[in-house]
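Accompanying notes for the structure given below.
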Amino acid sequence: IGVTPLVSMLAESVGSRRPVTFVHAARTRDEAPLLDEIEALAERGQARLQRVFSRAPSTTGVAQEGEHIGRLSPALLAMLLPRVDCEVY
């Protein structure tokens with residue numbers, strides 16, 4: 001799965017003082033691979049987790065905190081990142 005190497009990088013960042021923002025994009029929450037593991041790592045490492053889903057949740061139709069409905073675009077990525085001079089993988 002394409003996100004697997006990034007999960008390893010997130011795990012490496014746990015305990016570091018380096019600020020991390022992890023943007024995870026998928027069609028829906030249910031189709032987001034490794035999301036439970038990513039959420040647990042982000043919480044433990046105090047990383048900022050932003051989730052982007054191209055389809056609204058079927059039950060509520062409303063995004064929760066840290067979730068965005070729509071496609072990941074350069075404009076949305078710029079809005080989600082804490083600053084423009086950062087490394088993006």
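The way I read the labels, and the way they are meant: chains A, B, ... in the order of the structure tokens, residue 1 as the first residue of every chain, and ligand 1 as the first ligand shown, with later ones counted on from there.
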When DSSP works through the backbone of this structure, what residues of chain A end up as strand (DSSP E or B), shown as an mmCIF file with N, CA and C atoms, in the first residue's frame?
data_model
loop_
_atom_site.group_PDB
_atom_site.id
_atom_site.type_symbol
_atom_site.label_atom_id
_atom_site.label_comp_id
_atom_site.auth_asym_id
_atom_site.auth_seq_id
_atom_site.Cartn_x
_atom_site.Cartn_y
_atom_site.Cartn_z
ATOM 1 N N THR A 21 3.273 17.125 10.344
ATOM 2 C CA THR A 21 1.881 17.157 9.909
ATOM 3 C C THR A 21 1.721 16.011 8.925
ATOM 4 N N PHE A 22 0.792 15.104 9.215
ATOM 5 C CA PHE A 22 0.552 13.946 8.367
ATOM 6 C C PHE A 22 -0.790 14.150 7.682
ATOM 7 N N VAL A 23 -0.777 14.220 6.357
ATOM 8 C CA VAL A 23 -2.006 14.390 5.582
ATOM 9 C C VAL A 23 -2.323 13.047 4.936
ATOM 10 N N HIS A 24 -3.475 12.505 5.285
ATOM 11 C CA HIS A 24 -3.885 11.189 4.786
ATOM 12 C C HIS A 24 -5.123 11.366 3.929
ATOM 13 N N ALA A 25 -5.033 10.996 2.653
ATOM 14 C CA ALA A 25 -6.157 11.179 1.728
ATOM 15 C C ALA A 25 -6.679 9.825 1.249
ATOM 16 N N ALA A 26 -7.998 9.711 1.189
ATOM 17 C CA ALA A 26 -8.659 8.495 0.709
ATOM 18 C C ALA A 26 -10.074 8.852 0.275
ATOM 19 N N ARG A 48 0.428 16.418 13.984
ATOM 20 C CA ARG A 48 -0.838 16.990 13.517
ATOM 21 C C ARG A 48 -1.347 16.115 12.379
ATOM 22 N N LEU A 49 -2.504 15.497 12.553
ATOM 23 C CA LEU A 49 -3.066 14.611 11.533
ATOM 24 C C LEU A 49 -4.225 15.300 10.843
ATOM 25 N N GLN A 50 -4.147 15.379 9.531
ATOM 26 C CA GLN A 50 -5.223 15.937 8.716
ATOM 27 C C GLN A 50 -5.688 14.835 7.772
ATOM 28 N N ARG A 51 -6.995 14.587 7.761
ATOM 29 C CA ARG A 51 -7.553 13.549 6.897
ATOM 30 C C ARG A 51 -8.379 14.217 5.807
ATOM 31 N N VAL A 52 -8.194 13.765 4.556
ATOM 32 C CA VAL A 52 -8.923 14.320 3.411
ATOM 33 C C VAL A 52 -9.679 13.177 2.748
ATOM 34 N N PHE A 53 -10.991 13.312 2.674
ATOM 35 C CA PHE A 53 -11.826 12.286 2.055
ATOM 36 C C PHE A 53 -12.558 12.892 0.874
ATOM 37 N N GLU A 67 -10.798 16.627 9.617
ATOM 38 C CA GLU A 67 -11.192 15.991 8.364
ATOM 39 C C GLU A 67 -11.646 17.049 7.368
ATOM 40 N N HIS A 68 -11.375 16.788 6.113
ATOM 41 C CA HIS A 68 -11.756 17.702 5.044
ATOM 42 C C HIS A 68 -12.392 16.882 3.936
ATOM 43 N N ILE A 69 -13.478 17.372 3.375
ATOM 44 C CA ILE A 69 -14.171 16.672 2.300
ATOM 45 C C ILE A 69 -13.798 17.343 0.980
#
**Message:** Could you list, as a ChimeraX atom specification, every residue within 10 Å of Gln46 of chain A, counting only C-alpha atoms and ignoring same-chain residues fewer than 4 positions away?
**Reply:** /A:13-21,40-42
**Complete:** For Ala32 of chain A, the closest of A:Val3, A:Cys86, A:Met79, A:Ala63 counting only C-alpha atoms is A:Val3
**Prompt:** What are the DSSP helix (DSSP H, G or I) residues of chain A, as a PyMOL selection string?
**Reply:** chain A and resi 4-13+35-45+74-80
Those residues with C-alpha atoms, as an mmCIF file, in the first residue's frame please?
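What ended up in out_35.cif:
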data_model
loop_
_atom_site.group_PDB
_atom_site.id
_atom_site.type_symbol
_atom_site.label_atom_id
_atom_site.label_comp_id
_atom_site.auth_asym_id
_atom_site.auth_seq_id
_atom_site.Cartn_x
_atom_site.Cartn_y
_atom_site.Cartn_z
ATOM 1 C CA THR A 4 3.075 2.150 4.318
ATOM 2 C CA PRO A 5 6.495 3.868 3.976
ATOM 3 C CA LEU A 6 4.985 7.087 5.344
ATOM 4 C CA VAL A 7 3.610 5.221 8.366
ATOM 5 C CA SER A 8 7.179 4.044 9.052
ATOM 6 C CA MET A 9 8.387 7.655 8.837
ATOM 7 C CA LEU A 10 5.621 8.741 11.215
ATOM 8 C CA ALA A 11 6.612 5.989 13.675
ATOM 9 C CA GLU A 12 10.240 7.196 13.509
ATOM 10 C CA SER A 13 9.109 10.720 14.385
ATOM 11 C CA LEU A 35 -5.917 4.860 9.480
ATOM 12 C CA ASP A 36 -6.252 3.428 13.005
ATOM 13 C CA GLU A 37 -2.487 2.907 13.220
ATOM 14 C CA ILE A 38 -1.800 6.379 11.803
ATOM 15 C CA GLU A 39 -4.187 8.019 14.289
ATOM 16 C CA ALA A 40 -2.566 6.166 17.215
ATOM 17 C CA LEU A 41 0.961 7.119 16.088
ATOM 18 C CA ALA A 42 -0.021 10.735 15.502
ATOM 19 C CA GLU A 43 -1.551 10.980 18.961
ATOM 20 C CA ARG A 44 1.413 9.331 20.650
ATOM 21 C CA GLY A 45 3.932 11.458 18.755
ATOM 22 C CA PRO A 74 -2.159 22.105 -4.041
ATOM 23 C CA ALA A 75 -4.424 24.799 -2.542
ATOM 24 C CA LEU A 76 -5.808 22.447 0.145
ATOM 25 C CA LEU A 77 -2.324 21.123 0.916
ATOM 26 C CA ALA A 78 -1.036 24.686 1.369
ATOM 27 C CA MET A 79 -3.911 25.336 3.775
ATOM 28 C CA LEU A 80 -3.225 22.149 5.788
#
**Request:** Could you tell me how far atom CA of Arg27 of chain A lies from atom CA of Arg55 of chain A, in Å and to one decimal?
**Result:** 5.6 Å
**Request:** For atom CA of Pro82 of chain A and atom CA of Gly66 of chain A, determine how far apart the two atoms are, in Å to one decimal place.
**Result:**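 According to the coordinates, atom CA of Pro82 of chain A and atom CA of Gly66 of chain A are separated by 13.6 Å.
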**Atomic distance atom CA of Leu81 of chain A - atom CA of Pro57 of chain A, expressed in Å with one decimal** =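 These atoms are spaced 23.4 Å apart.
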**Request:** Choose the residue, out of A:Leu72, A:Ala47, A:Ala56, A:Val88, that has the smallest atom-to-atom separation from Arg29 of chain A; count only C-alpha atoms.
**Result:**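 Going through A:Leu72, A:Ala47, A:Ala56, A:Val88 one by one, the smallest distance to Arg29 of chain A is for A:Ala56.
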